[in-house]
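Worksheet: the structure to be examined is printed underneath.
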Amino acid sequence: MERYTDVLVIGSGLAGLFTALNIDPKYKVIMIAKEHLQNSNSMLAQGGIAAELNNDPILHESHFEDTLKAGSFINDKQAVKYLVDNALVAIETLVKFGAHFDKDEKNQYLLTKEGGHSHKRILHSGGDASGYNTTKSLTDDLLARENIQVIENTIALDLIRSKDGKCAGAFVLENDELHYSIHAKMTVLATGGIGSVYGSTTNDLSATGDGIGMAHRIGARIRDMEFVQFHPTALYLEDSKSRRRFLITEALRGEGATLVNVEEQRFMQKYDPERMELAPRDVVSQAIYREMYDTWTDHVYIDTRHLDPKFLEKRFPTVFKRVKEEGYIMGIDLIPVAPCEHFMCGGVYTDLQGKTTVENLYAVGEVASSGVHGANRLASNSLLECIVFALSASKQMNELLETSKLQSDPKMEVLPQYNYNYKPIRKKIGDYMDEHVGIVRNTKGLTLTKSVLDQISKNLLKSPNLTRHYYETLNIVTTAQLITEAALRREESIGCHLRIE
Ligand SMILES: Cc1cc2nc3c(=O)[nH]c(=O)nc-3n(C[C@H](O)[C@H](O)[C@H](O)COP(=O)(O)OP(=O)(O)OC[C@H]3O[C@@H](n4cnc5c(N)ncnc54)[C@H](O)[C@@H]3O)c2cc1C
C-alpha cells in the first residue's frame with residue numbers, strides 16, 4: 001500500500017497541529033500520530049505560554065534578554081528575536097483557532113511569572129490546564145478540516161530519501177502490522193521530546209526521540225544535544241516504580257511557593273540570592289542536586305504552607321488534585337520533589353522557517369533546534385516556540401507547494417518481524433543516562449556510557465525488526481549516543497550541562 005500527499009506531518013502535539021492548521025486548505029495534509037491524537041507532551045503542559053502581548057519595547061526587550069540569560073547567551077540571537085517579535089501574531093492566530101486563556105473580570109489576560117522571567121508574561125488556561133485546553137481546541141478544529149487526514153496508532157519508522165538526497169515522505173507502521181510508504185512533497189517532524197531516553201522523566205513515555213533518530217539516519221544536522229533540561233520539581237514518590245513523574249509547575253513558585261531541604265531549611269539564597277526559587281531551571285535543579293547530596297537524601301520539598309489552600313486549589317486544580325491523591329494537601333503539607341529529565345533544548349537544526357539541512361524536510365517544536373534555547377530553555381518558551389515556528393514553516397511550505405513535485409522512487413525494504421522484548425535494554429540505557437549523563441557529568445562516566453551505548457546500537461542494527469518497539473529502542477539509543485557524545489565534546493560547564501571531574 002502507498003499513500004500520497006502534499007504535506008506529511010509526523011506528530012499531533014501543539015507543533016504538529018498548528019503546522020497542519022496553517023497549511024493552505026487547498027493542499028492535502030496527512031497527519032500521523034504514534035498513539036491517540038491527543039497523546040502528547042503538549043497535553044501535559046501546565047504553566048502556560050510566555051508572550052509579551054503589548055507593544056511596549058521595554059517589555060519586549062526584557063523577554064529577549066531573559067531568554068538569552070536563561071540560555072547562557074549561547075542562543076542564536078536572531079532566532080530569539082524572531083520568537084519574541086512573532087509572539088503576538090502567533091498567539092492571535094492560536095486564539096482564532098479557538099484557544100482561550102484565563103482573564104480577569106475586566107477581560108484582561110491574567111499573567112503569571114516563572115523561573116528566569118523578570119516580568120509576569122505567562123498566559124495560562126484553566127489555571128494549570130494550559131496544554132490540555134490549547135491542544136484540545138486545535139484538535140477539534142483539525143478534525144473538522146476536509147483537507148487533513150489523521151491516521152492514529154501509526155509510527156513513522158524512517159524518512160524516505162529520494163535519489164537526489166531530498167526527503168520524500170516516510171515509511172510507516174500502522175497498528176504494528178501495516179507497513180507502507182507515505183509519499184509527500186513536504187515532510188514535517190513534530191515528534192516532540194526525548195523523555196524515555198532517561199530512567200525518569202516528566203514526559204509522556206512515548207517521547208522516544210524518534211524525530212532525532214530519523215533525522216540523523218537521513219543525514220540532517222543535529223545540534224546542541226548536550227543541553228538536556230532537568231525540571232527541578234517533579235513529584236517524588238518513594239515507592240513508585242513508574243518512570244513517568246508528575247510535574248509540579250514552576251508557576252507555583254511564581255505564586256510564592258519556596259523550596260526547603262529535608263531539614264526544612266530554605267536554601268536557594270546560597271545559590272542565587274537575587275532570584276531565589278525563581279532562578280532559571282538549570283540553576284535550581286543543580287542547587288537541589290547539591291542539597292540532596294549534602295543531606296544524604298533523594299528529594300527536597302516545595303513549601304506552600306504560607307499560602308491559602310483555597311487559592312491554591314483554584315489556581316492549580318490539576319496539581320492540587322494529583323498531590324492530594326498521594327496524601328498531600330497544598331497549603332498545609334510539605335510536598336516532596338526531585339529533579340528529572342524534562343526537555344531537550346537541542347535537536348534537529350532548523351532555520352527561522354523550520355527548514356532542516358535536508359531539502360523538503362522541516363522540524364518544528366521540541367524536536368527542532370531552532371536556536372532559541374541556547375544552553376537552557378526559559379520556562380514557558382517551548383509552547384511559544386511551537387506556534388511561532390509552526391507558523392513560519394507552514395507559510396514557507398504554502399509558497400513552495402505551488403511548484404514542488406512528488407519525489408518518490410525508493411522501494412520499501414522488506415523487514416523481518418520478531419516478538420523480542422526490548423524493555424530490559426531500555427532500562428539499562430535509562431539507568432546509565434540517569435547516572436552518568438544527568439545533572440552532573442564527568443569524563444569517566446560519559447566515556448563508560450558511550451561504550452555501553454555503542455555496543456547496544458551495534459547489536460540492534462545487526463537484527464532489524466519491523467515493530468514499533470524496535471524502532472523506538474533504536475531511536476532511544478541513537479539519541480542517547482548523540483547526547484553523550486556532545487556532552488563529552490563540551491568540556492566546560494554551561495547552562496544545563498554541568499561537568500565536575
Ligand atoms: C509535564 C510537562 C509540562 C510542561 N509544561 C510546559 C509549559 O507550561 N509551558 C511550555 O512552554 N512548555 C511546557 N512543557 C514543554 C512542552 O509541553 C513541550 O515542549 C511541547 O508541548 C512539545 O510540543 P511538540 O508538539 O513539539 O511535541 P509533543 O506535544 O510531545 O507531541 C509529539 C507528537 O509526536 C508523536 N510522535 C512521536 N514520534 C512519532 C513517530 N515516530 N511517528 C508518529 N508520531 C510520533 C507523538 O505521539 C505526539 O503526538 C511541558 C512539558 C511537560 C512534559
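Note on naming: chains are A, B, ... as they come in the C-alpha cells, residues start from 1 per chain, ligands start from 1 in the order shown.
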
Counting only C-alpha atoms and all ligand atoms, which protein, DNA or RNA residues come within 7 Å of ligand 1, given as an MDAnalysis selection string? chainID A and resid 10:16 32:35 37:50 130:131 154:157 190:193 202:204 206:211 246:247 342:343 364:367 379:384 386

Could you write those residues out with C-alpha atoms, as an mmCIF file, in the first residue's frame?
```cif
data_model
loop_
_atom_site.group_PDB
_atom_site.id
_atom_site.type_symbol
_atom_site.label_atom_id
_atom_site.label_comp_id
_atom_site.auth_asym_id
_atom_site.auth_seq_id
_atom_site.Cartn_x
_atom_site.Cartn_y
_atom_site.Cartn_z
ATOM 1 C CA ILE A 10 4.558 13.463 11.874
ATOM 2 C CA GLY A 11 3.183 14.134 15.362
ATOM 3 C CA SER A 12 -0.006 15.586 16.839
ATOM 4 C CA GLY A 13 1.275 17.838 19.644
ATOM 5 C CA LEU A 14 0.972 21.622 19.523
ATOM 6 C CA ALA A 15 3.695 21.928 16.845
ATOM 7 C CA GLY A 16 2.111 19.363 14.524
ATOM 8 C CA ILE A 32 0.164 10.639 11.667
ATOM 9 C CA ALA A 33 0.275 10.095 15.427
ATOM 10 C CA LYS A 34 2.071 7.261 17.144
ATOM 11 C CA GLU A 35 -0.798 6.790 19.574
ATOM 12 C CA LEU A 37 -4.335 12.038 18.512
ATOM 13 C CA GLN A 38 -4.477 13.642 21.946
ATOM 14 C CA ASN A 39 -1.495 11.818 23.370
ATOM 15 C CA SER A 40 1.417 14.251 23.592
ATOM 16 C CA ASN A 41 3.569 16.289 25.930
ATOM 17 C CA SER A 42 1.648 19.344 24.759
ATOM 18 C CA MET A 43 -1.434 17.955 26.503
ATOM 19 C CA LEU A 44 0.527 17.829 29.783
ATOM 20 C CA ALA A 45 1.786 21.414 29.825
ATOM 21 C CA GLN A 46 0.708 23.196 32.984
ATOM 22 C CA GLY A 47 2.400 26.597 33.311
ATOM 23 C CA GLY A 48 1.420 28.262 30.051
ATOM 24 C CA ILE A 49 2.829 30.251 27.136
ATOM 25 C CA ALA A 50 5.287 33.105 27.544
ATOM 26 C CA SER A 130 -2.865 25.245 29.633
ATOM 27 C CA GLY A 131 -1.590 22.430 27.421
ATOM 28 C CA THR A 154 0.854 4.894 13.218
ATOM 29 C CA ILE A 155 4.552 5.328 13.783
ATOM 30 C CA ALA A 156 6.974 6.848 11.280
ATOM 31 C CA LEU A 157 9.901 4.432 11.112
ATOM 32 C CA ALA A 190 6.799 17.351 15.003
ATOM 33 C CA THR A 191 7.679 14.346 17.127
ATOM 34 C CA GLY A 192 8.439 16.165 20.399
ATOM 35 C CA GLY A 193 10.873 15.196 23.135
ATOM 36 C CA THR A 202 8.103 14.282 33.286
ATOM 37 C CA ASN A 203 7.329 13.378 29.656
ATOM 38 C CA ASP A 204 4.746 11.057 28.223
ATOM 39 C CA SER A 206 6.008 7.783 24.066
ATOM 40 C CA ALA A 207 8.666 10.538 23.807
ATOM 41 C CA THR A 208 11.471 8.329 22.493
ATOM 42 C CA GLY A 209 13.490 10.767 20.363
ATOM 43 C CA ASP A 210 12.062 9.345 17.107
ATOM 44 C CA GLY A 211 12.390 12.570 15.135
ATOM 45 C CA PHE A 246 4.251 14.071 37.739
ATOM 46 C CA LEU A 247 5.406 17.650 37.231
ATOM 47 C CA HIS A 342 12.106 17.319 31.216
ATOM 48 C CA PHE A 343 13.078 18.968 27.902
ATOM 49 C CA VAL A 364 9.031 22.149 14.468
ATOM 50 C CA GLY A 365 8.556 22.125 18.244
ATOM 51 C CA GLU A 366 10.676 20.283 20.778
ATOM 52 C CA VAL A 367 12.309 18.016 18.160
ATOM 53 C CA ALA A 379 10.228 28.431 31.226
ATOM 54 C CA SER A 380 7.122 28.505 29.006
ATOM 55 C CA ASN A 381 9.102 29.415 25.887
ATOM 56 C CA SER A 382 8.592 25.977 24.329
ATOM 57 C CA LEU A 383 4.878 26.248 23.611
ATOM 58 C CA LEU A 384 5.664 29.656 22.133
ATOM 59 C CA CYS A 386 5.936 25.502 18.761
#
```

Using only C-alpha atoms, which residues sit within 10 Å of A:Arg217 once same-chain residues fewer than 2 positions away are excluded, as a PyMOL selection string? chain A and resi 158-159+211-215+219-220+475+478

Can you spit out the residues from that selection as a compact mmCIF listing (two decimals), in the first residue's frame, using N, CA and C atoms?
```txt
# COMPACT_ATOMS: atom_id res chain seq x y z
N ASP A 158 11.07 5.53 9.34
CA ASP A 158 12.21 6.20 8.71
C ASP A 158 11.72 7.15 7.65
N LEU A 159 12.54 8.16 7.37
CA LEU A 159 12.18 9.12 6.32
C LEU A 159 12.60 8.54 4.98
N GLY A 211 12.08 11.58 16.18
CA GLY A 211 12.39 12.57 15.14
C GLY A 211 13.89 12.77 15.00
N ILE A 212 14.58 12.77 16.14
CA ILE A 212 16.04 12.96 16.12
C ILE A 212 16.70 11.73 15.48
N GLY A 213 16.22 10.54 15.85
CA GLY A 213 16.76 9.30 15.27
C GLY A 213 16.57 9.28 13.76
N MET A 214 15.36 9.57 13.30
CA MET A 214 15.07 9.52 11.85
C MET A 214 15.87 10.58 11.10
N ALA A 215 15.93 11.79 11.67
CA ALA A 215 16.67 12.88 11.01
C ALA A 215 18.15 12.53 10.92
N GLY A 219 20.60 11.96 7.52
CA GLY A 219 21.76 12.84 7.33
C GLY A 219 21.54 14.30 7.67
N ALA A 220 20.45 14.61 8.38
CA ALA A 220 20.20 16.02 8.77
C ALA A 220 21.16 16.42 9.90
N ASN A 475 15.82 4.51 18.26
CA ASN A 475 15.85 5.97 18.38
C ASN A 475 16.32 6.41 19.77
N THR A 478 20.11 5.96 19.74
CA THR A 478 20.75 6.98 18.89
C THR A 478 20.76 8.34 19.60
```

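Atom CA of A:Lys166 lies 19.5 Å from atom CA of A:Leu352.
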
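Running DSSP on the backbone gives strand (DSSP E or B) for these residues within stretch 170-225 of chain A: Ala170, Phe171, Val172, Leu173, Glu174, Leu178, His179, Tyr180, Ser181, Ile182, His183, Ala184, Lys185, Met186, Thr187, Val188, Leu189, Thr201, Ile222 and Arg223 of chain A.
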
Dump as a compact mmCIF listing (two decimals), in the first residue's frame, selection limited to C-alpha atoms:
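And here's out.txt as it stands now:
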```txt
# COMPACT_ATOMS: atom_id res chain seq x y z
CA ALA A 170 8.18 8.41 5.44
CA PHE A 171 7.89 4.67 5.83
CA VAL A 172 5.29 3.98 8.49
CA LEU A 173 3.83 1.13 10.50
CA GLU A 174 0.11 1.27 11.29
CA LEU A 178 0.54 -2.47 8.18
CA HIS A 179 3.87 -1.33 6.72
CA TYR A 180 3.62 1.22 3.92
CA SER A 181 5.04 4.44 2.42
CA ILE A 182 3.54 7.90 2.62
CA HIS A 183 4.98 9.93 -0.26
CA ALA A 184 4.94 13.66 0.44
CA LYS A 185 6.17 16.83 -1.24
CA MET A 186 6.99 18.26 2.21
CA THR A 187 7.57 16.36 5.45
CA VAL A 188 7.37 17.90 8.93
CA LEU A 189 8.92 16.32 12.00
CA THR A 201 11.06 11.92 33.16
CA ILE A 222 21.68 17.73 14.76
CA ARG A 223 22.73 20.43 17.25
```

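Proximity ranking of A:Lys324, A:Arg3, A:Lys270, A:Arg245 relative to A:Ile30 places A:Arg3 first, based on only C-alpha atoms.
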
Identify, with DSSP run on backbone atoms, the residues in stretch 208-411 of chain A assigned to helix (DSSP H, G or I), and express the list as a ChimeraX atom specification. /A:210-218,251-254,268-270,276-278,281-294,309-315,317-325,365-367,381-400

Show me, as a list in words, the residues that have an atom within 9 Å of A:Pro232 when counting only C-alpha atoms, minus same-chain residues fewer than 3 positions from it. Ile248, Glu250, Arg281, Asp282, Val284, Ser285, Gln286, Ala287, Ile288, Tyr289, Val337, Ala338, Pro339 and Cys340 of chain A

Atoms kept (C-alpha atoms) for selection, written as a PDB file, in the first residue's frame:
```pdb
ATOM      1  CA  ILE A 248       4.715  20.392  39.762  1.00  0.00           C
ATOM      2  CA  GLU A 250       7.148  26.325  38.261  1.00  0.00           C
ATOM      3  CA  ARG A 281      15.755  25.755  35.875  1.00  0.00           C
ATOM      4  CA  ASP A 282      19.400  24.797  35.397  1.00  0.00           C
ATOM      5  CA  VAL A 284      17.510  25.443  40.641  1.00  0.00           C
ATOM      6  CA  SER A 285      17.998  21.801  39.555  1.00  0.00           C
ATOM      7  CA  GLN A 286      21.739  21.982  40.227  1.00  0.00           C
ATOM      8  CA  ALA A 287      21.086  23.601  43.635  1.00  0.00           C
ATOM      9  CA  ILE A 288      18.624  20.826  44.559  1.00  0.00           C
ATOM     10  CA  TYR A 289      21.155  18.222  43.418  1.00  0.00           C
ATOM     11  CA  VAL A 337      10.078  16.826  44.887  1.00  0.00           C
ATOM     12  CA  ALA A 338      13.249  15.922  42.985  1.00  0.00           C
ATOM     13  CA  PRO A 339      14.607  16.868  39.544  1.00  0.00           C
ATOM     14  CA  CYS A 340      14.272  14.621  36.491  1.00  0.00           C
TER      15      CYS A 340
END
```

Spatial neighbours of A:Lys81, max dist 9 Å, only C-alpha atoms, sep filter under 3 positions, as an MDAnalysis selection string: chainID A and resid 61 64 76:78 84:86 372

Create the file for the chosen residues now, containing N, CA and C atoms and written as an mmCIF file, in the first residue's frame.
```
data_model
loop_
_atom_site.group_PDB
_atom_site.id
_atom_site.type_symbol
_atom_site.label_atom_id
_atom_site.label_comp_id
_atom_site.auth_asym_id
_atom_site.auth_seq_id
_atom_site.Cartn_x
_atom_site.Cartn_y
_atom_site.Cartn_z
ATOM 1 N N GLU A 61 11.949 43.820 24.958
ATOM 2 C CA GLU A 61 13.391 43.653 25.102
ATOM 3 C C GLU A 61 13.708 42.739 26.289
ATOM 4 N N PHE A 64 13.372 39.107 25.416
ATOM 5 C CA PHE A 64 14.576 38.765 24.631
ATOM 6 C C PHE A 64 15.762 38.527 25.582
ATOM 7 N N ASP A 76 20.902 31.449 19.581
ATOM 8 C CA ASP A 76 21.002 32.157 18.309
ATOM 9 C C ASP A 76 20.151 33.435 18.465
ATOM 10 N N LYS A 77 20.828 34.583 18.519
ATOM 11 C CA LYS A 77 20.124 35.842 18.839
ATOM 12 C C LYS A 77 19.023 36.155 17.830
ATOM 13 N N GLN A 78 19.317 35.831 16.574
ATOM 14 C CA GLN A 78 18.327 36.106 15.517
ATOM 15 C C GLN A 78 17.056 35.286 15.757
ATOM 16 N N VAL A 84 10.429 36.345 19.886
ATOM 17 C CA VAL A 84 9.789 37.401 20.679
ATOM 18 C C VAL A 84 8.946 38.315 19.771
ATOM 19 N N ASP A 85 9.510 38.678 18.612
ATOM 20 C CA ASP A 85 8.804 39.582 17.702
ATOM 21 C C ASP A 85 7.527 38.971 17.125
ATOM 22 N N ASN A 86 7.502 37.633 16.999
ATOM 23 C CA ASN A 86 6.351 36.998 16.348
ATOM 24 C C ASN A 86 5.370 36.367 17.333
ATOM 25 N N VAL A 372 16.614 28.945 19.739
ATOM 26 C CA VAL A 372 16.103 29.905 20.733
ATOM 27 C C VAL A 372 16.524 29.576 22.168
#
```

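Each of A:Leu138, A:Met31, A:Met1, A:Ile74 was compared to A:Ile387 using only C-alpha atoms, and A:Leu138 turns out to be the nearest.
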
Nearest candidate to A:Ala90 (options A:Met412, A:Leu361, A:Ile494, A:Ala390; using only C-alpha atoms): A:Ala390

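Pairwise distance (atom CA of A:Leu88, atom CA of A:Gly256) equals 27.7 Å.
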
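Closest approach to A:Leu312 among A:Ala363, A:Ala257, A:Arg377, A:His231: A:Ala257, based on only C-alpha atoms.
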
Name all residues at most 12 Å from A:Ile58 (count only C-alpha atoms; drop same-chain ones fewer than 6 positions away) and give them as number ranges by chain. A: 52, 64-65, 118-119

Spatial neighbours of A:Leu237, max dist 12 Å, only C-alpha atoms, sep filter under 5 positions, as a PDB file with N, CA and C atoms, in the first residue's frame:
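The file below, selection_24.pdb, is the result:
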```
ATOM      1  N   SER A 200      13.996   8.416  34.434  1.00  0.00           N
ATOM      2  CA  SER A 200      12.785   9.063  34.929  1.00  0.00           C
ATOM      3  C   SER A 200      12.622  10.412  34.246  1.00  0.00           C
ATOM      4  N   SER A 242       7.005   3.836  38.628  1.00  0.00           N
ATOM      5  CA  SER A 242       6.752   4.458  37.325  1.00  0.00           C
ATOM      6  C   SER A 242       7.931   5.330  36.892  1.00  0.00           C
ATOM      7  N   ARG A 243       8.295   5.232  35.615  1.00  0.00           N
ATOM      8  CA  ARG A 243       9.380   6.080  35.087  1.00  0.00           C
ATOM      9  C   ARG A 243       8.857   7.483  34.822  1.00  0.00           C
ATOM     10  N   ARG A 244       7.564   7.603  34.629  1.00  0.00           N
ATOM     11  CA  ARG A 244       6.960   8.903  34.366  1.00  0.00           C
ATOM     12  C   ARG A 244       6.682   9.591  35.692  1.00  0.00           C
ATOM     13  N   ARG A 245       7.158  10.820  35.840  1.00  0.00           N
ATOM     14  CA  ARG A 245       6.991  11.542  37.096  1.00  0.00           C
ATOM     15  C   ARG A 245       6.066  12.735  36.885  1.00  0.00           C
ATOM     16  N   PHE A 246       5.203  12.965  37.847  1.00  0.00           N
ATOM     17  CA  PHE A 246       4.251  14.071  37.739  1.00  0.00           C
ATOM     18  C   PHE A 246       4.957  15.403  38.015  1.00  0.00           C
ATOM     19  N   LEU A 247       4.743  16.353  37.103  1.00  0.00           N
ATOM     20  CA  LEU A 247       5.406  17.650  37.231  1.00  0.00           C
ATOM     21  C   LEU A 247       4.631  18.587  38.153  1.00  0.00           C
ATOM     22  N   ASP A 298      17.236  11.896  48.638  1.00  0.00           N
ATOM     23  CA  ASP A 298      16.954  11.962  47.213  1.00  0.00           C
ATOM     24  C   ASP A 298      15.775  12.866  46.883  1.00  0.00           C
ATOM     25  N   HIS A 299      15.474  13.799  47.778  1.00  0.00           N
ATOM     26  CA  HIS A 299      14.417  14.763  47.477  1.00  0.00           C
ATOM     27  C   HIS A 299      14.572  16.006  48.358  1.00  0.00           C
ATOM     28  N   VAL A 300      13.867  17.061  47.984  1.00  0.00           N
ATOM     29  CA  VAL A 300      13.701  18.245  48.842  1.00  0.00           C
ATOM     30  C   VAL A 300      12.182  18.483  48.900  1.00  0.00           C
ATOM     31  N   TYR A 301      11.741  19.633  49.394  1.00  0.00           N
ATOM     32  CA  TYR A 301      10.296  19.881  49.474  1.00  0.00           C
ATOM     33  C   TYR A 301       9.925  21.228  48.837  1.00  0.00           C
ATOM     34  N   VAL A 323      -1.600  15.800  43.900  1.00  0.00           N
ATOM     35  CA  VAL A 323      -0.813  15.597  45.121  1.00  0.00           C
ATOM     36  C   VAL A 323      -1.715  15.122  46.273  1.00  0.00           C
ATOM     37  N   GLU A 325      -4.102  13.025  45.921  1.00  0.00           N
ATOM     38  CA  GLU A 325      -4.194  11.561  45.750  1.00  0.00           C
ATOM     39  C   GLU A 325      -3.048  10.845  46.473  1.00  0.00           C
ATOM     40  N   GLU A 326      -1.934  11.561  46.627  1.00  0.00           N
ATOM     41  CA  GLU A 326      -0.780  10.956  47.307  1.00  0.00           C
ATOM     42  C   GLU A 326      -0.745  11.317  48.785  1.00  0.00           C
ATOM     43  N   GLY A 327      -1.787  12.005  49.248  1.00  0.00           N
ATOM     44  CA  GLY A 327      -1.895  12.295  50.680  1.00  0.00           C
ATOM     45  C   GLY A 327      -1.332  13.652  51.094  1.00  0.00           C
ATOM     46  N   TYR A 328      -1.037  14.540  50.139  1.00  0.00           N
ATOM     47  CA  TYR A 328      -0.501  15.863  50.480  1.00  0.00           C
ATOM     48  C   TYR A 328      -1.536  16.945  50.161  1.00  0.00           C
ATOM     49  N   ILE A 335       5.554  19.213  50.184  1.00  0.00           N
ATOM     50  CA  ILE A 335       5.393  18.256  49.076  1.00  0.00           C
ATOM     51  C   ILE A 335       6.778  17.840  48.584  1.00  0.00           C
ATOM     52  N   PRO A 336       7.096  16.522  48.643  1.00  0.00           N
ATOM     53  CA  PRO A 336       8.436  16.079  48.244  1.00  0.00           C
ATOM     54  C   PRO A 336       8.630  16.147  46.731  1.00  0.00           C
ATOM     55  N   VAL A 337       9.773  16.700  46.320  1.00  0.00           N
ATOM     56  CA  VAL A 337      10.078  16.826  44.887  1.00  0.00           C
ATOM     57  C   VAL A 337      11.554  16.511  44.644  1.00  0.00           C
ATOM     58  N   ALA A 338      11.854  16.130  43.401  1.00  0.00           N
ATOM     59  CA  ALA A 338      13.249  15.922  42.985  1.00  0.00           C
ATOM     60  C   ALA A 338      13.324  16.193  41.485  1.00  0.00           C
TER      61      ALA A 338
END
```

The residue from A:Leu415, A:Cys345, A:Ala487, A:Ala375 with the smallest atom-to-atom distance to A:Lys444, counting only C-alpha atoms, is A:Ala487

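Minimum atom-to-atom distances from A:Gln407, A:Gln265, A:Asn133, A:Thr295 to A:Asp6 were compared using only C-alpha atoms, and the lowest value belongs to A:Gln407.
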
Residues at most 8 Å from A:Asn22, counting only C-alpha atoms, excluding those fewer than 6 positions away in the same chain, as a PyMOL selection string? chain A and resi 390-391+394-395

Keeping N, CA and C atoms for every residue in the selection just given, could you write it to a file as an mmCIF file, in the first residue's frame?
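Output (out29.cif):
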```cif
data_model
loop_
_atom_site.group_PDB
_atom_site.id
_atom_site.type_symbol
_atom_site.label_atom_id
_atom_site.label_comp_id
_atom_site.auth_asym_id
_atom_site.auth_seq_id
_atom_site.Cartn_x
_atom_site.Cartn_y
_atom_site.Cartn_z
ATOM 1 N N ALA A 390 5.896 26.940 13.815
ATOM 2 C CA ALA A 390 4.896 26.214 13.007
ATOM 3 C C ALA A 390 4.308 27.192 11.992
ATOM 4 N N LEU A 391 4.092 28.423 12.442
ATOM 5 C CA LEU A 391 3.515 29.444 11.568
ATOM 6 C C LEU A 391 4.476 29.788 10.427
ATOM 7 N N SER A 394 4.837 26.704 8.002
ATOM 8 C CA SER A 394 3.677 26.464 7.123
ATOM 9 C C SER A 394 3.577 27.566 6.065
ATOM 10 N N LYS A 395 3.952 28.775 6.449
ATOM 11 C CA LYS A 395 3.921 29.880 5.484
ATOM 12 C C LYS A 395 4.875 29.576 4.325
#
```
